[in-house]
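Colleague: Please find one structure pasted underneath; my questions will follow.
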Amino acid sequence: MSSSPSSSVVEARKALARRLVGLRKDAGLTGDELSARCGWHPAKTSRIQSGKSAPSEADLRAWCTACGAGDQAPDLIAAARTVDSMYTEWRRLERSGLRAAQESVAALYRRTGLFRVYASRVMPGMVQTPEYTTAVLRSIQRARVEVDDVDDAVKARLERRRMLFSGRHRFGLLIEEWVLRATVCDPGAMAAQLRHLLAVSSSPFVSVGVIPTGADRPHLPVEDFYLFDEAEVAVELTSGYLRITQSREVADYVRTFADLASMAVHGAEARQLITAAIATLE
């Protein structure tokens with residue numbers, strides 16, 4: 001299991017470790033006795049029990065067998081997979097290309113009623129134009145993905161744009177002003193992207209807030225994140241994709257979104273900043 005900065009991952013790993021410790025104790029085994037039965041060094045048992053080392057599926061089966069609890073292995077393996085899914089390195093998520101990464105969240109998007117998105121690096125995915133998305137994904141592909149399926153990945157991401165006007169979803173988008181002026185594609189395509197953002201902002205289902213550039217601000221920019229109702233948060237880190245489901249941490253992101261929203265301008269003021277960014281491109 002990859003390490004991550006999220007306490008959700010750490011706590012989930014420790015919860016799994018506590019279950020394993022309970023199995024060992026219920027079987028009346030010491031750590032050394034369990035290690036001997038499993039055929040590995042006692043230090044490995046210690047690392048697993050402390051949550052410092054993630055057990056493989058084979059380790060979990062061996063542990064359960066040693067404790068005479070083979071029937072519990074499937075449930076523990078399922079729990080371990082859930083922990084593992086909380087944080088995924090980009091190289092693992094994208095090893096077969098970028099399209100799979102886009103499609104992996106399709107079901108989550110469909111069942112979400114309220115999206116709250118904070119963007120400090122690039123435009124939120126659901127309001128991107130094809131040209132902007134192509135530029136973003138092409139940059140990612142060149143940097144870290146051997147498989148070139150950018151065209152298919154763009155099509156998969158653009159499927160989300162239909163949700164904006166379906167009436168089944170609502171969107172609260174917070175965008176740092178810097179994002180409006182970061183020309184990740186050619187000027188003409190960037191101007192078209194900003195005009196599309198203006199059009200989207202007129203939808204009754206979409207709220208667009210722009211956080212003006214300036215040094216005097218109570219909250220510094222943070223990493224891009226997506227809030228799916230109040231059930232889950234997706235955070236895009238440099239090294240990987242972090243999925244947060246623990247209610248306490250989700251609540252932290254809800255508060256952060258509210259704090260950032262208090263700094264943003266909306267309505268005519270937001271459209272004015274978008275229009276000013278377009279003017280620099282034409």
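Here, A, B, ... name the chains of the structure tokens in the order displayed, residue numbers run from 1 inside each chain, and ligands are numbered from 1 in the same displayed order.
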Fewer than 4 positions away in the same chain doesn't count, so skip those; otherwise give me all residues within 7 Å of stretch 57-64 of chain A, counting only C-alpha atoms, as a ChimeraX atom specification.
Modeller: /A:38,68-70,72-73,77
Colleague: Generate a file of the selected residues that holds N, CA, C and O atoms, formatted as a PDB file, in the first residue's frame.
Modeller:
```pdb
ATOM      1  N   CYS A  38       3.569 -18.850  10.160  1.00  0.00           N
ATOM      2  CA  CYS A  38       3.474 -18.232   8.828  1.00  0.00           C
ATOM      3  C   CYS A  38       4.770 -18.375   8.031  1.00  0.00           C
ATOM      4  O   CYS A  38       4.784 -18.163   6.817  1.00  0.00           O
ATOM      5  N   GLY A  68      -6.308 -20.327  12.739  1.00  0.00           N
ATOM      6  CA  GLY A  68      -7.467 -21.203  12.647  1.00  0.00           C
ATOM      7  C   GLY A  68      -8.734 -20.467  12.272  1.00  0.00           C
ATOM      8  O   GLY A  68      -9.835 -20.843  12.665  1.00  0.00           O
ATOM      9  N   ALA A  69      -8.579 -19.392  11.505  1.00  0.00           N
ATOM     10  CA  ALA A  69      -9.719 -18.553  11.120  1.00  0.00           C
ATOM     11  C   ALA A  69      -9.717 -18.320   9.617  1.00  0.00           C
ATOM     12  O   ALA A  69      -9.885 -17.190   9.141  1.00  0.00           O
ATOM     13  N   GLY A  70      -9.530 -19.393   8.869  1.00  0.00           N
ATOM     14  CA  GLY A  70      -9.473 -19.274   7.421  1.00  0.00           C
ATOM     15  C   GLY A  70     -10.724 -18.678   6.815  1.00  0.00           C
ATOM     16  O   GLY A  70     -10.669 -18.042   5.753  1.00  0.00           O
ATOM     17  N   GLN A  72     -12.274 -16.156   7.733  1.00  0.00           N
ATOM     18  CA  GLN A  72     -12.269 -14.701   7.815  1.00  0.00           C
ATOM     19  C   GLN A  72     -11.370 -14.040   6.767  1.00  0.00           C
ATOM     20  O   GLN A  72     -11.377 -12.827   6.622  1.00  0.00           O
ATOM     21  N   ALA A  73     -10.616 -14.841   6.050  1.00  0.00           N
ATOM     22  CA  ALA A  73      -9.681 -14.292   5.063  1.00  0.00           C
ATOM     23  C   ALA A  73     -10.375 -13.460   3.983  1.00  0.00           C
ATOM     24  O   ALA A  73      -9.901 -12.350   3.670  1.00  0.00           O
ATOM     25  N   ILE A  77      -9.409  -9.573   3.274  1.00  0.00           N
ATOM     26  CA  ILE A  77      -8.852  -9.191   1.976  1.00  0.00           C
ATOM     27  C   ILE A  77      -9.676  -8.061   1.361  1.00  0.00           C
ATOM     28  O   ILE A  77      -9.127  -7.098   0.797  1.00  0.00           O
TER      29      ILE A  77
END
```
Colleague: Mind checking DSSP for stretch 4-252 of chain A and telling me the strand (DSSP E or B) residues as an MDAnalysis selection string?
Modeller: chainID A and resid 87:89 114:119 170:176 206:211 225:228 232:236 240:244
Colleague: Could you write those residues out with N, CA, C and O atoms, as a CSV table (one decimal), in the first residue's frame?
Modeller:
```csv
chain,number,residue,atom,x,y,z
A,87,TYR,N,-5.7,5.5,-1.8
A,87,TYR,CA,-4.6,6.2,-2.4
A,87,TYR,C,-4.0,5.4,-3.5
A,87,TYR,O,-3.6,4.2,-3.3
A,88,THR,N,-4.0,6.0,-4.7
A,88,THR,CA,-3.4,5.3,-5.8
A,88,THR,C,-2.4,6.1,-6.5
A,88,THR,O,-2.7,7.3,-6.9
A,89,GLU,N,-1.2,5.6,-6.7
A,89,GLU,CA,-0.2,6.4,-7.5
A,89,GLU,C,-0.6,6.5,-8.9
A,89,GLU,O,-1.2,5.6,-9.5
A,114,LEU,N,-24.6,16.9,-5.7
A,114,LEU,CA,-24.0,18.2,-5.5
A,114,LEU,C,-22.5,18.1,-5.7
A,114,LEU,O,-21.8,17.4,-4.9
A,115,PHE,N,-21.9,18.7,-6.6
A,115,PHE,CA,-20.5,18.8,-6.8
A,115,PHE,C,-19.9,20.1,-6.3
A,115,PHE,O,-20.5,21.2,-6.7
A,116,ARG,N,-18.9,20.1,-5.5
A,116,ARG,CA,-18.2,21.3,-5.2
A,116,ARG,C,-16.7,21.1,-5.6
A,116,ARG,O,-16.1,20.1,-5.1
A,117,VAL,N,-16.2,21.9,-6.4
A,117,VAL,CA,-14.9,21.8,-7.0
A,117,VAL,C,-14.1,23.0,-6.7
A,117,VAL,O,-14.5,24.1,-7.0
A,118,TYR,N,-12.8,22.8,-6.3
A,118,TYR,CA,-11.9,23.9,-6.1
A,118,TYR,C,-10.7,23.7,-7.1
A,118,TYR,O,-10.1,22.6,-7.1
A,119,ALA,N,-10.4,24.6,-7.9
A,119,ALA,CA,-9.4,24.5,-8.9
A,119,ALA,C,-8.3,25.6,-8.8
A,119,ALA,O,-8.6,26.8,-8.9
A,170,ARG,N,-26.1,19.6,-9.4
A,170,ARG,CA,-25.8,21.0,-9.1
A,170,ARG,C,-24.3,21.1,-8.9
A,170,ARG,O,-23.6,20.2,-8.4
A,171,PHE,N,-23.7,22.2,-9.3
A,171,PHE,CA,-22.3,22.4,-9.3
A,171,PHE,C,-21.9,23.8,-8.7
A,171,PHE,O,-22.4,24.8,-9.0
A,172,GLY,N,-21.0,23.7,-7.7
A,172,GLY,CA,-20.4,24.9,-7.1
A,172,GLY,C,-18.9,24.8,-7.5
A,172,GLY,O,-18.2,23.9,-7.0
A,173,LEU,N,-18.5,25.8,-8.3
A,173,LEU,CA,-17.1,25.8,-8.8
A,173,LEU,C,-16.4,27.0,-8.3
A,173,LEU,O,-16.8,28.1,-8.5
A,174,LEU,N,-15.2,26.8,-7.7
A,174,LEU,CA,-14.3,27.8,-7.2
A,174,LEU,C,-13.1,27.7,-8.0
A,174,LEU,O,-12.4,26.7,-8.0
A,175,ILE,N,-12.7,28.8,-8.7
A,175,ILE,CA,-11.5,28.8,-9.6
A,175,ILE,C,-10.6,30.0,-9.2
A,175,ILE,O,-11.1,31.1,-9.1
A,176,GLU,N,-9.4,29.7,-9.0
A,176,GLU,CA,-8.4,30.7,-8.7
A,176,GLU,C,-8.2,31.6,-10.0
A,176,GLU,O,-8.2,31.0,-11.1
A,206,VAL,N,-25.4,25.8,-12.1
A,206,VAL,CA,-24.0,26.0,-11.9
A,206,VAL,C,-23.7,27.3,-11.2
A,206,VAL,O,-24.2,28.4,-11.7
A,207,SER,N,-22.9,27.3,-10.2
A,207,SER,CA,-22.4,28.5,-9.5
A,207,SER,C,-20.9,28.6,-9.8
A,207,SER,O,-20.2,27.7,-9.4
A,208,VAL,N,-20.4,29.7,-10.4
A,208,VAL,CA,-19.0,29.9,-10.6
A,208,VAL,C,-18.5,31.0,-9.8
A,208,VAL,O,-19.0,32.1,-9.9
A,209,GLY,N,-17.5,30.7,-9.0
A,209,GLY,CA,-16.8,31.7,-8.2
A,209,GLY,C,-15.4,31.8,-8.6
A,209,GLY,O,-14.7,30.8,-8.8
A,210,VAL,N,-14.9,33.1,-8.7
A,210,VAL,CA,-13.5,33.3,-9.0
A,210,VAL,C,-12.8,34.0,-7.8
A,210,VAL,O,-13.3,35.0,-7.3
A,211,ILE,N,-11.7,33.4,-7.4
A,211,ILE,CA,-10.9,34.0,-6.3
A,211,ILE,C,-9.9,34.9,-6.8
A,211,ILE,O,-8.9,34.4,-7.5
A,225,PHE,N,-9.4,19.9,-5.5
A,225,PHE,CA,-10.1,18.9,-4.9
A,225,PHE,C,-11.6,18.9,-5.4
A,225,PHE,O,-12.1,20.0,-5.8
A,226,TYR,N,-12.2,17.7,-5.4
A,226,TYR,CA,-13.6,17.6,-5.8
A,226,TYR,C,-14.4,16.9,-4.6
A,226,TYR,O,-14.0,15.9,-4.1
A,227,LEU,N,-15.5,17.6,-4.3
A,227,LEU,CA,-16.4,17.1,-3.2
A,227,LEU,C,-17.6,16.5,-3.9
A,227,LEU,O,-18.3,17.2,-4.7
A,228,PHE,N,-17.9,15.3,-3.6
A,228,PHE,CA,-19.0,14.6,-4.2
A,228,PHE,C,-20.1,14.5,-3.1
A,228,PHE,O,-19.9,13.6,-2.2
A,232,GLU,N,-17.7,11.9,-0.2
A,232,GLU,CA,-16.3,11.5,-0.7
A,232,GLU,C,-15.6,12.8,-1.2
A,232,GLU,O,-16.3,13.7,-1.8
A,233,VAL,N,-14.3,12.8,-1.1
A,233,VAL,CA,-13.5,13.8,-1.7
A,233,VAL,C,-12.4,13.2,-2.5
A,233,VAL,O,-11.8,12.2,-2.1
A,234,ALA,N,-12.2,13.7,-3.7
A,234,ALA,CA,-11.0,13.3,-4.5
A,234,ALA,C,-10.0,14.5,-4.6
A,234,ALA,O,-10.4,15.6,-4.8
A,235,VAL,N,-8.8,14.1,-4.2
A,235,VAL,CA,-7.7,15.1,-4.2
A,235,VAL,C,-6.6,14.7,-5.2
A,235,VAL,O,-6.2,13.6,-5.1
A,236,GLU,N,-6.3,15.6,-6.1
A,236,GLU,CA,-5.3,15.3,-7.1
A,236,GLU,C,-3.9,15.8,-6.6
A,236,GLU,O,-3.7,17.0,-6.6
A,240,GLY,N,-0.2,11.1,-6.8
A,240,GLY,CA,-1.3,10.2,-7.0
A,240,GLY,C,-2.6,10.8,-6.7
A,240,GLY,O,-2.8,12.0,-6.5
A,241,TYR,N,-3.6,9.9,-6.7
A,241,TYR,CA,-5.0,10.2,-6.5
A,241,TYR,C,-5.5,9.8,-5.1
A,241,TYR,O,-5.3,8.6,-4.8
A,242,LEU,N,-5.9,10.7,-4.3
A,242,LEU,CA,-6.3,10.5,-3.0
A,242,LEU,C,-7.8,10.5,-2.9
A,242,LEU,O,-8.5,11.5,-3.2
A,243,ARG,N,-8.4,9.4,-2.3
A,243,ARG,CA,-9.9,9.3,-2.1
A,243,ARG,C,-10.2,9.3,-0.7
A,243,ARG,O,-9.7,8.4,0.1
A,244,ILE,N,-10.9,10.3,-0.2
A,244,ILE,CA,-11.2,10.5,1.2
A,244,ILE,C,-12.7,10.2,1.5
A,244,ILE,O,-13.6,10.8,0.8
```
Colleague: DSSP on the backbone, alpha helix (DSSP H) only: what residues of stretch 130-255 of chain A does that give? Format it as JSON, numbers by chain.
Modeller: {"A": [130, 131, 132, 133, 134, 135, 136, 137, 138, 139, 140, 141, 142, 143, 144, 150, 151, 152, 153, 154, 155, 156, 157, 158, 177, 178, 179, 180, 181, 187, 188, 189, 190, 191, 192, 193, 194, 195, 196, 197, 198, 199, 200, 201, 247, 248, 249, 250, 251, 252, 253, 254, 255]}
Colleague: Neighbours of stretch 213-222 of chain A within 9 Å (only C-alpha atoms; same-chain residues fewer than 4 positions away dropped), as a list in words?
Modeller: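 With the cut-off at 9 Å, the set is Tyr118, Ala119, Ser120, Glu176, Glu177, Trp178, Thr256, Asp259, Leu260 and Met263 of chain A.
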Colleague: Keeping N, CA and C atoms for every residue in the selection just given, could you write it to a file as a PDB file, in the first residue's frame?
Modeller:
```pdb
ATOM      1  N   TYR A 118     -12.841  22.814  -6.258  1.00  0.00           N
ATOM      2  CA  TYR A 118     -11.895  23.910  -6.100  1.00  0.00           C
ATOM      3  C   TYR A 118     -10.739  23.664  -7.062  1.00  0.00           C
ATOM      4  N   ALA A 119     -10.448  24.644  -7.901  1.00  0.00           N
ATOM      5  CA  ALA A 119      -9.416  24.500  -8.925  1.00  0.00           C
ATOM      6  C   ALA A 119      -8.347  25.571  -8.757  1.00  0.00           C
ATOM      7  N   SER A 120      -7.142  25.133  -8.465  1.00  0.00           N
ATOM      8  CA  SER A 120      -6.030  26.074  -8.319  1.00  0.00           C
ATOM      9  C   SER A 120      -4.988  25.894  -9.409  1.00  0.00           C
ATOM     10  N   GLU A 176      -9.363  29.674  -8.962  1.00  0.00           N
ATOM     11  CA  GLU A 176      -8.387  30.740  -8.725  1.00  0.00           C
ATOM     12  C   GLU A 176      -8.212  31.557 -10.013  1.00  0.00           C
ATOM     13  N   GLU A 177      -8.113  32.874  -9.878  1.00  0.00           N
ATOM     14  CA  GLU A 177      -7.972  33.740 -11.055  1.00  0.00           C
ATOM     15  C   GLU A 177      -6.766  33.333 -11.903  1.00  0.00           C
ATOM     16  N   TRP A 178      -5.728  32.838 -11.249  1.00  0.00           N
ATOM     17  CA  TRP A 178      -4.538  32.407 -11.994  1.00  0.00           C
ATOM     18  C   TRP A 178      -4.885  31.376 -13.056  1.00  0.00           C
ATOM     19  N   THR A 256     -13.184  23.935   4.259  1.00  0.00           N
ATOM     20  CA  THR A 256     -12.198  24.612   3.412  1.00  0.00           C
ATOM     21  C   THR A 256     -12.867  25.233   2.193  1.00  0.00           C
ATOM     22  N   ASP A 259     -14.598  28.348   3.278  1.00  0.00           N
ATOM     23  CA  ASP A 259     -13.633  29.417   3.537  1.00  0.00           C
ATOM     24  C   ASP A 259     -13.149  30.042   2.228  1.00  0.00           C
ATOM     25  N   LEU A 260     -12.849  29.201   1.261  1.00  0.00           N
ATOM     26  CA  LEU A 260     -12.384  29.702  -0.034  1.00  0.00           C
ATOM     27  C   LEU A 260     -13.499  30.447  -0.759  1.00  0.00           C
ATOM     28  N   MET A 263     -13.934  34.084  -0.122  1.00  0.00           N
ATOM     29  CA  MET A 263     -12.960  34.971  -0.744  1.00  0.00           C
ATOM     30  C   MET A 263     -13.265  35.222  -2.208  1.00  0.00           C
TER      31      MET A 263
END
```
Colleague: What is the distance between atom CA of A:Tyr253 and atom CA of A:Ser53, in Å to one decimal?
Modeller: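 If I compute the distance from atom CA of A:Tyr253 to atom CA of A:Ser53, I get 27.9 Å.
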Colleague: In Å, rounded to a single decimal, give me how far atom CA of A:Arg195 is from atom CA of A:Leu273.
Modeller: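 Spanning atom CA of A:Leu273 to atom CA of A:Arg195 is a straight-line distance of 11.7 Å.
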Colleague: Skip A:His169 itself and residues of its chain fewer than 5 positions away, then list as a tab-separated table (two decimals) with N, CA and C atoms, in the first residue's frame all residues within 8 Å of it, counting only C-alpha atoms.
Modeller:
```
chain	number	residue	atom	x	y	z
A	112	THR	N	-23.70	11.41	-7.90
A	112	THR	CA	-23.52	12.62	-7.10
A	112	THR	C	-24.56	13.67	-7.47
A	113	GLY	N	-25.18	14.26	-6.44
A	113	GLY	CA	-26.15	15.31	-6.67
A	113	GLY	C	-25.53	16.70	-6.65
A	114	LEU	N	-24.63	16.94	-5.68
A	114	LEU	CA	-23.98	18.24	-5.54
A	114	LEU	C	-22.47	18.08	-5.65
A	115	PHE	N	-21.91	18.74	-6.65
A	115	PHE	CA	-20.47	18.77	-6.84
A	115	PHE	C	-19.94	20.11	-6.34
A	163	MET	N	-23.74	16.47	-17.87
A	163	MET	CA	-24.37	16.60	-16.56
A	163	MET	C	-24.69	18.04	-16.21
A	164	LEU	N	-23.97	18.99	-16.80
A	164	LEU	CA	-24.12	20.39	-16.43
A	164	LEU	C	-25.53	20.91	-16.65
A	205	PHE	N	-28.01	25.66	-12.73
A	205	PHE	CA	-27.48	24.53	-11.97
A	205	PHE	C	-26.01	24.70	-11.60
```
Colleague: Show which residues sit within 8 Å of stretch 42-52 of chain A, as a short mmCIF file (atom, residue, chain, number, x, y, z; two decimals) with all heavy atoms, in the first residue's frame. Count only C-alpha atoms, and ignore same-chain residues fewer than 5 positions away.
Modeller:
```
data_model
loop_
_atom_site.label_atom_id
_atom_site.label_comp_id
_atom_site.auth_asym_id
_atom_site.auth_seq_id
_atom_site.Cartn_x
_atom_site.Cartn_y
_atom_site.Cartn_z
N VAL A 10 -4.15 6.22 6.94
CA VAL A 10 -3.42 5.74 8.12
C VAL A 10 -4.36 5.05 9.09
O VAL A 10 -4.08 3.95 9.58
CB VAL A 10 -2.69 6.91 8.81
CG1 VAL A 10 -2.05 6.43 10.11
CG2 VAL A 10 -1.62 7.50 7.88
N ARG A 13 -5.66 1.72 7.78
CA ARG A 13 -4.62 0.70 7.87
C ARG A 13 -4.48 0.18 9.29
O ARG A 13 -4.36 -1.02 9.53
CB ARG A 13 -3.29 1.30 7.39
CG ARG A 13 -2.13 0.30 7.34
CD ARG A 13 -0.84 1.02 7.01
NE ARG A 13 -0.91 1.67 5.71
CZ ARG A 13 -0.06 2.64 5.34
NH1 ARG A 13 0.86 3.07 6.17
NH2 ARG A 13 -0.17 3.17 4.14
N LYS A 14 -4.57 1.11 10.28
CA LYS A 14 -4.46 0.69 11.68
C LYS A 14 -5.68 -0.13 12.11
O LYS A 14 -5.56 -1.04 12.94
CB LYS A 14 -4.29 1.91 12.56
CG LYS A 14 -2.91 2.56 12.43
CD LYS A 14 -2.75 3.74 13.38
CE LYS A 14 -1.33 4.31 13.30
NZ LYS A 14 -1.16 5.48 14.19
N LEU A 16 -7.36 -2.19 10.24
CA LEU A 16 -7.12 -3.54 9.72
C LEU A 16 -6.11 -4.26 10.61
O LEU A 16 -6.27 -5.45 10.94
CB LEU A 16 -6.60 -3.46 8.28
CG LEU A 16 -6.24 -4.79 7.61
CD1 LEU A 16 -7.47 -5.71 7.51
CD2 LEU A 16 -5.65 -4.55 6.22
N ALA A 17 -5.06 -3.53 11.05
CA ALA A 17 -4.05 -4.13 11.92
C ALA A 17 -4.66 -4.59 13.24
O ALA A 17 -4.32 -5.66 13.75
CB ALA A 17 -2.93 -3.12 12.17
N ARG A 18 -5.58 -3.78 13.77
CA ARG A 18 -6.22 -4.16 15.04
C ARG A 18 -7.04 -5.44 14.89
O ARG A 18 -7.09 -6.28 15.81
CB ARG A 18 -7.10 -3.02 15.55
CG ARG A 18 -6.32 -1.82 16.10
CD ARG A 18 -7.22 -0.88 16.86
NE ARG A 18 -8.19 -0.21 15.99
CZ ARG A 18 -7.95 0.95 15.37
NH1 ARG A 18 -6.77 1.55 15.50
NH2 ARG A 18 -8.89 1.50 14.63
N LEU A 20 -6.33 -7.87 12.90
CA LEU A 20 -5.37 -8.98 12.83
C LEU A 20 -4.82 -9.31 14.22
O LEU A 20 -4.63 -10.49 14.56
CB LEU A 20 -4.23 -8.62 11.87
CG LEU A 20 -4.65 -8.48 10.39
CD1 LEU A 20 -3.48 -7.97 9.56
CD2 LEU A 20 -5.14 -9.82 9.84
N VAL A 21 -4.56 -8.28 15.00
CA VAL A 21 -4.09 -8.51 16.37
C VAL A 21 -5.16 -9.26 17.16
O VAL A 21 -4.86 -10.20 17.92
CB VAL A 21 -3.76 -7.17 17.07
CG1 VAL A 21 -3.49 -7.40 18.56
CG2 VAL A 21 -2.54 -6.52 16.42
N GLY A 31 3.20 -13.17 19.14
CA GLY A 31 3.68 -12.72 17.83
C GLY A 31 4.71 -13.67 17.25
O GLY A 31 4.71 -13.96 16.05
N ASP A 32 5.61 -14.18 18.11
CA ASP A 32 6.64 -15.10 17.64
C ASP A 32 6.03 -16.41 17.15
O ASP A 32 6.47 -16.97 16.13
CB ASP A 32 7.64 -15.38 18.75
CG ASP A 32 8.55 -14.18 19.03
OD1 ASP A 32 8.55 -13.25 18.20
OD2 ASP A 32 9.24 -14.20 20.06
N LEU A 34 2.97 -16.88 15.95
CA LEU A 34 2.30 -16.66 14.67
C LEU A 34 3.32 -16.56 13.54
O LEU A 34 3.12 -17.11 12.46
CB LEU A 34 1.44 -15.39 14.73
CG LEU A 34 0.67 -15.11 13.43
CD1 LEU A 34 -0.77 -14.74 13.72
CD2 LEU A 34 1.34 -13.99 12.62
N SER A 35 4.42 -15.86 13.80
CA SER A 35 5.47 -15.72 12.78
C SER A 35 6.01 -17.07 12.36
O SER A 35 6.22 -17.33 11.17
CB SER A 35 6.60 -14.84 13.33
OG SER A 35 6.12 -13.57 13.71
N ALA A 36 6.22 -17.94 13.34
CA ALA A 36 6.74 -19.27 13.04
C ALA A 36 5.76 -20.06 12.18
O ALA A 36 6.15 -20.74 11.23
CB ALA A 36 7.04 -20.02 14.34
#
```
Colleague: Using only C-alpha atoms, which protein or nucleic acid residues come within 10 Å of A:Thr280? Drop anything in the same chain fewer than 4 positions from it, and give the result as JSON, numbers by chain.
Modeller: {"A": [181, 187, 191, 275, 276]}
Colleague: Atom CA of A:Val127 and atom CA of A:Leu194, how far apart in Å?
Modeller: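 About the pair atom CA of A:Leu194 and atom CA of A:Val127: they are 9.6 Å apart.
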Colleague: Smallest atom-to-atom distance to A:Glu33: which of A:Thr134, A:Gly188, A:Ala12, A:Ala66, using only C-alpha atoms?
Modeller: A:Ala66
Colleague: May I ask which of the residues A:Leu197, A:Leu98, A:Ala182, A:Val9 is the closest one to A:Asp151, counting only C-alpha atoms?
Modeller: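 Among the listed residues, A:Leu98 lies closest to A:Asp151.
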